[in-house]
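J.: One file: data35.cif (mmCIF, C-alpha atoms).
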```cif
data_protein
#
loop_
_atom_site.label_atom_id
_atom_site.label_comp_id
_atom_site.auth_asym_id
_atom_site.auth_seq_id
_atom_site.Cartn_x
_atom_site.Cartn_y
_atom_site.Cartn_z
CA MET I 18 -35.81 110.34 -0.77
CA GLN I 19 -33.32 112.60 1.01
CA PHE I 20 -36.19 114.83 2.16
CA ALA I 21 -38.06 111.79 3.51
CA GLU I 22 -34.95 110.63 5.35
CA LEU I 23 -34.60 114.11 6.80
CA LEU I 24 -38.11 113.75 8.23
CA GLY I 25 -37.16 110.42 9.78
CA PHE I 26 -38.68 108.05 7.22
CA ASP I 27 -37.44 104.46 7.22
CA GLN I 28 -38.09 102.24 4.18
CA GLU I 29 -38.88 99.21 6.33
CA TYR I 30 -40.79 100.72 9.26
CA GLY I 31 -42.01 104.05 7.88
CA PHE I 32 -42.24 107.08 10.15
CA SER I 33 -41.71 106.61 13.88
CA GLU I 34 -44.40 107.76 16.32
CA MET I 35 -42.27 110.72 17.37
CA HIS I 36 -41.77 111.88 13.78
CA LYS I 37 -45.48 111.45 13.06
CA MET I 38 -46.28 113.68 16.02
CA LEU I 39 -43.76 116.29 14.89
CA ILE I 40 -45.21 116.28 11.37
CA LEU I 41 -48.75 116.71 12.73
CA LEU I 42 -47.64 119.57 14.99
CA GLY I 43 -45.90 121.19 12.04
CA LEU I 44 -49.03 120.92 9.90
CA LEU I 45 -51.13 122.33 12.76
CA ALA I 46 -48.78 125.30 13.04
CA LEU I 47 -49.01 125.81 9.27
CA LEU I 48 -52.81 125.74 9.52
CA ILE I 49 -52.78 128.40 12.25
CA VAL I 50 -50.49 130.63 10.17
CA THR I 51 -52.71 130.13 7.10
CA VAL I 52 -55.82 131.03 9.10
CA GLY I 53 -54.14 134.19 10.34
CA LEU I 54 -53.11 135.19 6.82
CA ALA I 55 -56.60 134.46 5.44
CA ILE I 56 -58.16 136.74 8.05
CA THR I 57 -55.63 139.53 7.49
CA LEU I 58 -55.27 139.50 3.70
CA GLY I 59 -58.02 140.34 1.24
CA ALA I 60 -59.33 142.85 -1.29
CA TYR I 61 -59.76 145.35 1.56
CA LYS I 62 -56.43 145.74 3.33
CA ILE I 63 -56.57 145.68 7.12
CA SER I 64 -53.47 145.69 9.29
CA PHE I 65 -52.60 142.74 11.50
CA LEU I 66 -52.78 145.02 14.55
CA ASP I 67 -56.37 146.00 13.73
CA VAL I 68 -57.30 142.35 13.24
CA TYR I 69 -55.74 141.53 16.62
CA ARG I 70 -57.66 144.35 18.32
CA ILE I 71 -60.95 143.25 16.77
CA VAL I 72 -60.51 139.60 17.76
CA MET I 73 -59.43 140.48 21.30
CA ALA I 74 -62.37 142.87 21.68
CA HIS I 75 -64.81 140.07 20.90
CA VAL I 76 -63.20 137.15 22.73
CA THR I 77 -61.97 138.93 25.87
CA PRO I 78 -63.68 141.41 28.23
CA PHE I 79 -60.69 143.75 28.03
CA GLY I 80 -60.82 144.53 24.31
CA ASP I 81 -61.68 147.93 22.90
CA LEU I 82 -63.30 148.43 19.51
CA THR I 83 -63.07 152.21 19.62
CA SER I 84 -59.60 152.09 18.09
CA VAL I 85 -60.87 150.43 14.89
CA THR I 86 -63.53 151.50 12.44
CA LYS I 87 -66.94 149.86 12.25
CA LEU I 88 -66.21 148.85 8.64
CA HIS I 89 -63.07 146.96 9.69
CA ASN I 90 -64.99 145.21 12.46
CA THR I 91 -67.68 144.10 10.02
CA ILE I 92 -65.20 142.82 7.44
CA VAL I 93 -63.06 140.90 9.93
CA TRP I 94 -65.58 139.63 12.50
CA GLU I 95 -68.74 139.22 10.44
CA LEU I 96 -67.29 138.18 7.07
CA ARG I 97 -63.75 136.80 7.11
CA ILE I 98 -63.57 134.91 10.40
CA PRO I 99 -66.82 132.90 9.92
CA ARG I 100 -65.72 131.93 6.41
CA VAL I 101 -62.26 130.85 7.52
CA LEU I 102 -63.55 128.92 10.54
CA LEU I 103 -66.22 127.21 8.46
CA ALA I 104 -63.61 126.21 5.87
CA VAL I 105 -61.43 124.70 8.61
CA ILE I 106 -64.38 122.85 10.18
CA VAL I 107 -65.63 121.49 6.86
CA GLY I 108 -62.11 120.46 5.82
CA THR I 109 -61.60 118.66 9.12
CA ALA I 110 -64.96 116.90 8.80
CA LEU I 111 -64.35 115.71 5.23
CA ALA I 112 -60.77 114.62 5.95
CA THR I 113 -61.85 112.61 9.00
CA ALA I 114 -64.81 111.08 7.16
CA GLY I 115 -62.54 110.14 4.26
CA ALA I 116 -60.09 108.37 6.60
CA VAL I 117 -62.98 106.49 8.24
CA PHE I 118 -64.44 105.37 4.91
CA GLN I 119 -61.02 104.28 3.64
CA GLY I 120 -60.46 102.23 6.79
CA CYS I 121 -63.92 100.64 6.78
CA PHE I 122 -63.83 99.86 3.06
CA ARG I 123 -60.14 98.89 3.04
CA ASN I 124 -59.53 101.01 -0.03
CA PRO I 125 -57.31 104.14 -0.14
CA LEU I 126 -59.25 105.52 -3.13
CA VAL I 127 -62.57 105.74 -1.27
CA GLU I 128 -63.76 109.28 -0.50
CA PRO I 129 -66.58 110.64 1.73
CA PHE I 130 -69.06 110.86 -1.16
CA ILE I 131 -68.81 107.24 -2.30
CA LEU I 132 -72.18 106.30 -0.75
CA GLY I 133 -74.14 108.99 -2.57
CA VAL I 134 -74.24 111.63 0.16
CA SER I 135 -73.32 114.47 -2.22
CA SER I 136 -75.95 113.45 -4.79
CA GLY I 137 -78.59 113.09 -2.08
CA ALA I 138 -77.70 116.48 -0.60
CA ALA I 139 -77.81 118.06 -4.06
CA PHE I 140 -81.29 116.62 -4.64
CA GLY I 141 -82.45 117.88 -1.24
CA ALA I 142 -81.11 121.36 -1.94
CA ALA I 143 -82.72 121.38 -5.40
CA LEU I 144 -86.05 120.38 -3.84
CA GLY I 145 -85.72 123.16 -1.29
CA ILE I 146 -85.04 125.67 -4.06
CA VAL I 147 -87.76 124.56 -6.51
CA PHE I 148 -90.41 123.96 -3.83
CA ALA I 149 -89.37 126.61 -1.35
CA SER I 150 -92.82 126.82 0.25
CA PHE I 151 -92.67 123.16 1.36
CA PHE I 152 -89.19 123.28 2.93
CA LEU I 153 -88.11 125.41 5.87
CA SER I 154 -84.45 125.45 4.89
CA ILE I 155 -82.34 124.45 1.91
CA GLN I 156 -79.53 123.36 4.25
CA LEU I 157 -81.88 121.18 6.30
CA SER I 158 -83.33 119.58 3.17
CA ALA I 159 -79.84 118.91 1.82
CA PHE I 160 -78.77 117.33 5.12
CA ILE I 161 -81.87 115.10 5.33
CA PHE I 162 -81.59 113.77 1.78
CA GLY I 163 -77.81 113.35 2.04
CA SER I 164 -78.30 111.16 5.11
CA LEU I 165 -81.22 109.38 3.45
CA ALA I 166 -79.08 108.47 0.43
CA VAL I 167 -76.47 106.78 2.62
CA ALA I 168 -79.15 104.98 4.66
CA MET I 169 -80.71 103.67 1.44
CA ALA I 170 -77.32 102.47 0.18
CA TYR I 171 -76.58 100.76 3.49
CA PHE I 172 -79.88 98.89 3.71
CA LEU I 173 -79.78 98.01 0.01
CA ALA I 174 -76.39 96.36 0.59
CA ARG I 175 -77.50 94.29 3.60
CA VAL I 176 -77.27 90.55 2.89
CA ARG I 177 -78.05 88.01 5.65
CA LYS I 178 -77.48 90.57 8.41
CA GLU I 179 -74.11 91.49 6.94
CA THR I 180 -72.94 94.38 4.77
CA PRO I 181 -70.23 93.30 2.31
CA ILE I 182 -67.88 96.13 1.39
CA VAL I 183 -68.13 95.66 -2.38
CA THR I 184 -71.92 95.45 -2.21
CA LEU I 185 -72.09 98.62 -0.13
CA ILE I 186 -69.91 100.56 -2.57
CA LEU I 187 -71.98 99.36 -5.55
CA ALA I 188 -75.18 100.28 -3.69
CA GLY I 189 -73.76 103.75 -3.05
CA VAL I 190 -72.96 104.19 -6.73
CA ILE I 191 -76.48 103.11 -7.68
CA ILE I 192 -78.18 105.42 -5.16
CA GLY I 193 -75.91 108.29 -6.17
CA SER I 194 -76.79 107.80 -9.84
CA ILE I 195 -80.51 107.81 -9.03
CA PHE I 196 -80.27 111.09 -7.12
CA GLU I 197 -78.13 112.62 -9.88
CA ALA I 198 -80.90 111.76 -12.36
CA LEU I 199 -83.49 113.30 -10.04
CA VAL I 200 -81.41 116.49 -9.81
CA SER I 201 -81.28 116.64 -13.60
CA ILE I 202 -85.08 116.32 -13.75
CA LEU I 203 -85.52 119.17 -11.26
CA LYS I 204 -83.07 121.34 -13.21
CA TYR I 205 -85.00 120.62 -16.41
CA THR I 206 -88.37 121.56 -14.87
CA ALA I 207 -87.18 124.50 -12.72
CA SER I 208 -87.73 128.12 -13.61
CA ASP I 209 -84.80 130.21 -14.82
CA ALA I 210 -84.29 131.81 -11.39
CA ALA I 211 -84.47 128.45 -9.58
CA LEU I 212 -82.14 126.83 -12.13
CA ARG I 213 -79.53 129.53 -11.58
CA GLU I 214 -79.81 129.09 -7.82
CA ILE I 215 -79.43 125.30 -8.12
CA VAL I 216 -76.31 125.64 -10.27
CA PHE I 217 -74.93 128.27 -7.91
CA TRP I 218 -75.50 125.95 -4.91
CA LEU I 219 -73.86 123.01 -6.68
CA MET I 220 -70.75 125.09 -7.33
CA GLY I 221 -70.35 125.47 -3.56
CA GLY I 222 -68.54 128.08 -1.52
CA PHE I 223 -68.33 129.85 1.83
CA TYR I 224 -69.34 133.31 0.64
CA TYR I 225 -72.61 133.21 2.65
CA ALA I 226 -70.99 131.80 5.80
CA THR I 227 -72.20 133.30 9.07
CA TRP I 228 -71.61 132.69 12.76
CA ASN I 229 -74.88 130.73 12.82
CA ASP I 230 -73.32 128.16 10.47
CA VAL I 231 -70.28 127.86 12.72
CA PHE I 232 -72.44 127.47 15.85
CA LEU I 233 -74.49 124.82 14.04
CA LEU I 234 -71.52 122.70 12.99
CA VAL I 235 -69.26 122.87 16.03
CA PRO I 236 -71.57 121.12 18.58
CA ILE I 237 -72.09 118.21 16.16
CA ILE I 238 -68.84 117.84 14.24
CA VAL I 239 -66.46 118.24 17.20
CA PRO I 240 -68.04 115.44 19.33
CA SER I 241 -68.33 113.23 16.23
CA PHE I 242 -64.67 113.86 15.43
CA LEU I 243 -63.64 112.97 19.00
CA ILE I 244 -65.67 109.75 18.93
CA MET I 245 -64.16 108.69 15.59
CA TRP I 246 -60.71 109.55 16.91
CA ALA I 247 -61.32 107.48 20.06
CA LEU I 248 -62.40 104.55 17.85
CA GLY I 249 -59.29 104.87 15.70
CA TRP I 250 -57.77 101.65 17.05
CA LYS I 251 -61.00 99.82 16.15
CA LEU I 252 -60.73 101.29 12.66
CA ASN I 253 -57.18 99.94 12.37
CA ILE I 254 -58.51 96.47 13.18
CA LEU I 255 -61.40 96.82 10.72
CA SER I 256 -58.93 97.73 7.98
CA MET I 257 -57.42 94.26 8.38
CA GLY I 258 -60.66 92.59 7.27
CA ASP I 259 -63.83 91.25 8.89
CA ASP I 260 -62.44 87.79 9.63
CA GLU I 261 -59.36 89.20 11.33
CA ALA I 262 -61.51 91.64 13.31
CA ARG I 263 -63.75 88.84 14.60
CA ALA I 264 -60.67 86.82 15.53
CA LEU I 265 -59.48 89.75 17.65
CA GLY I 266 -62.85 90.10 19.37
CA VAL I 267 -64.16 93.10 17.41
CA ASN I 268 -67.66 93.03 15.94
CA PRO I 269 -67.09 94.46 12.43
CA GLU I 270 -70.78 95.09 11.66
CA LYS I 271 -71.33 97.03 14.87
CA TYR I 272 -68.31 99.30 14.55
CA LYS I 273 -68.65 99.80 10.80
CA LEU I 274 -72.23 100.96 11.37
CA VAL I 275 -71.15 103.40 14.11
CA LEU I 276 -68.19 104.78 12.17
CA VAL I 277 -69.98 105.04 8.83
CA THR I 278 -72.96 106.73 10.52
CA LEU I 279 -70.74 109.34 12.19
CA ALA I 280 -68.75 109.89 8.99
CA THR I 281 -71.98 110.30 7.02
CA LEU I 282 -73.36 112.72 9.61
CA VAL I 283 -70.38 115.06 9.43
CA THR I 284 -70.18 114.76 5.63
CA SER I 285 -73.87 115.60 5.20
CA LEU I 286 -73.56 118.60 7.51
CA ALA I 287 -70.41 119.81 5.77
CA VAL I 288 -71.94 119.50 2.31
CA SER I 289 -75.26 121.10 3.27
CA THR I 290 -73.64 124.02 5.11
CA SER I 291 -70.99 124.81 2.51
CA GLY I 292 -73.51 124.56 -0.30
CA SER I 293 -71.16 122.30 -2.18
CA SER I 294 -71.60 119.01 -3.97
CA PRO I 295 -68.20 117.90 -5.30
CA GLY I 296 -69.66 114.81 -6.90
CA LEU I 297 -71.93 116.88 -9.13
CA ALA I 298 -70.52 120.36 -9.43
#
```
Would you mind writing the structure in this file as structure tokens?

T.:
Amino acid sequence: MQFAELLGFDQEYGFSEMHKMLILLGLLALLIVTVGLAITLGAYKISFLDVYRIVMAHVTPFGDLTSVTKLHNTIVWELRIPRVLLAVIVGTALATAGAVFQGCFRNPLVEPFILGVSSGAAFGAALGIVFASFFLSIQLSAFIFGSLAVAMAYFLARVRKETPIVTLILAGVIIGSIFEALVSILKYTASDAALREIVFWLMGGFYYATWNDVFLLVPIIVPSFLIMWALGWKLNILSMGDDEARALGVNPEKYKLVLVTLATLVTSLAVSTSGSSPGLA
């Protein structure tokens, strides 16, 4: 408790706005330091000065790559930086989506995969692997089926033009179980090579991350994040309950649909790009 008091925590009122801002700035600084260490450290040792030269050479017109070797440039710019940036983007997307789902569902235990997005994405990826000739991309197939799973759960839960929270969660569990069963069927019928690839995809990871993945996620996740952030005060009202929201002039169905759709979009993209399905792996 002494540590909490040192941070400015009050038992009755919690953290003040100023202390919340300081904590967030401190965590942001810690993230920046961690990113720098992740780019610098690794199995192949590269000095911080070389990393700085490589980054400056690519992001500014005044950089010079002649002072570093081509191998160092490949390791830092083509391998480490895309992986680190993708990890930060995916982490931001899942954290934001989790906060949105918890607010909409009024339950602190809800996570971004509660509506079956991970199971749907896993089924889409398995389809793309087993029937590679019918799908242009495993990532695209995973994204489509992840979004489809949430859409199915949402429409299954609709009752008299309303979507009760408990019904939506139960619908998500049902849809997720169905897609998990379908993944098991594909794993049973797949060839040995396809089965290994499915299992490898379900384990997830950023080892195949490229700049193309970063350029794909940033234009979608950043605007979605900003919209969800701008609607944060609506989310606070929704967390009070539908009746209270209507009394305050907020349409709960409208804003829940918008927020859940955006949260699902970023979650599906994050899962499909990282090749990870936490609900199944």

J.: Using only C-alpha atoms, which residue out of I:Ala138, I:Leu173, I:Ile131, I:Leu203 lies closest to I:Phe160?

T.: I:Ala138

J.: Taking into account all atoms listed in the file, which residue in the set I:Ile146, I:Leu265, I:Ala55, I:Ile106 is nearest to I:Ala287?

T.: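 So, comparing all the options, the nearest one is I:Ile106.
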
J.: Could you give me, as JSON lines, a per-residue list for stretch 85-174 of chain I showing, wherever an atom lies at most 9 Å from an atom of stretch 50-53 of chain I, the closest pair of atoms and their distance in Å to one decimal, using only C-alpha atoms and sorting by chain then residue number from low to high?

T.:
```
{"residue": "I:Ile98", "atom": "CA", "partner": "I:Val52", "partner_atom": "CA", "distance": 8.8}
{"residue": "I:Val101", "atom": "CA", "partner": "I:Val52", "partner_atom": "CA", "distance": 6.6}
{"residue": "I:Leu102", "atom": "CA", "partner": "I:Val52", "partner_atom": "CA", "distance": 8.1}
{"residue": "I:Val105", "atom": "CA", "partner": "I:Val52", "partner_atom": "CA", "distance": 8.5}
```

J.: Return as a short mmCIF file (atom, residue, chain, number, x, y, z; two decimals) with C-alpha atoms, in the coordinates of the input the set of residues that the PyMOL selection byres ((chain I and resi 158) around 9) yields on the displayed structure.

T.:
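As written to disk, selection-v5.cif reads:
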```cif
data_model
loop_
_atom_site.label_atom_id
_atom_site.label_comp_id
_atom_site.auth_asym_id
_atom_site.auth_seq_id
_atom_site.Cartn_x
_atom_site.Cartn_y
_atom_site.Cartn_z
CA ALA I 138 -77.70 116.48 -0.60
CA PHE I 140 -81.29 116.62 -4.64
CA GLY I 141 -82.45 117.88 -1.24
CA ALA I 142 -81.11 121.36 -1.94
CA ALA I 143 -82.72 121.38 -5.40
CA LEU I 144 -86.05 120.38 -3.84
CA GLY I 145 -85.72 123.16 -1.29
CA PHE I 152 -89.19 123.28 2.93
CA LEU I 153 -88.11 125.41 5.87
CA SER I 154 -84.45 125.45 4.89
CA ILE I 155 -82.34 124.45 1.91
CA GLN I 156 -79.53 123.36 4.25
CA LEU I 157 -81.88 121.18 6.30
CA ALA I 159 -79.84 118.91 1.82
CA PHE I 160 -78.77 117.33 5.12
CA ILE I 161 -81.87 115.10 5.33
CA PHE I 162 -81.59 113.77 1.78
CA GLY I 163 -77.81 113.35 2.04
CA SER I 289 -75.26 121.10 3.27
#
```

J.: Rounded to one decimal place, report the atom CA of I:Val167-atom CA of I:Ile192 distance in Å.

T.: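 That distance, rounded to one decimal, is 8.1 Å.
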
J.: Starting from the shown file, work through the PyMOL selection byres ((chain I and resi 235-243) around 10) and note down what comes out as number ranges by chain.

T.: I: 102-103, 106-107, 109-110, 113-114, 230-234, 244-249, 276, 278-280, 282-284, 286-287

J.: Please evaluate the PyMOL selection byres ((chain I and resi 255-258) around 8) against the structure above and give the resulting residues as a list of chain:residue names.

T.: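 Checking the PyMOL selection byres ((chain I and resi 255-258) around 8) against this file, the residues are I:Gly120, I:Cys121, I:Phe122, I:Arg123, I:Lys251, I:Leu252, I:Asn253, I:Ile254, I:Asp259, I:Asp260, I:Glu261, I:Ala262, I:Pro269, I:Lys273.
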
J.: Find, counting only C-alpha atoms, the residue in I:Tyr171, I:Leu54, I:Ala207, I:Thr91 that gets nearest to I:Ile191.

T.: I:Tyr171

J.: Could you check the closest approach to I:Tyr225 for each of I:Val267, I:Ile56, I:Ala188, I:Ala104 and tell me which residue wins, using all atoms listed in the file?

T.: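 Distance minimum relative to I:Tyr225 lands on I:Ala104.
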
J.: Looking at all atoms listed in the file, which of I:Glu270, I:Glu34, I:Glu95, I:Asp67 is the one that sits closest to I:Glu179?

T.: I:Glu270

J.: At most 12 Å from (-62.4, 142.7, 9.6), file frame, only C-alpha atoms: which residues, as a ChimeraX atom specification?

T.: /I:53,55-72,75,82,85-100
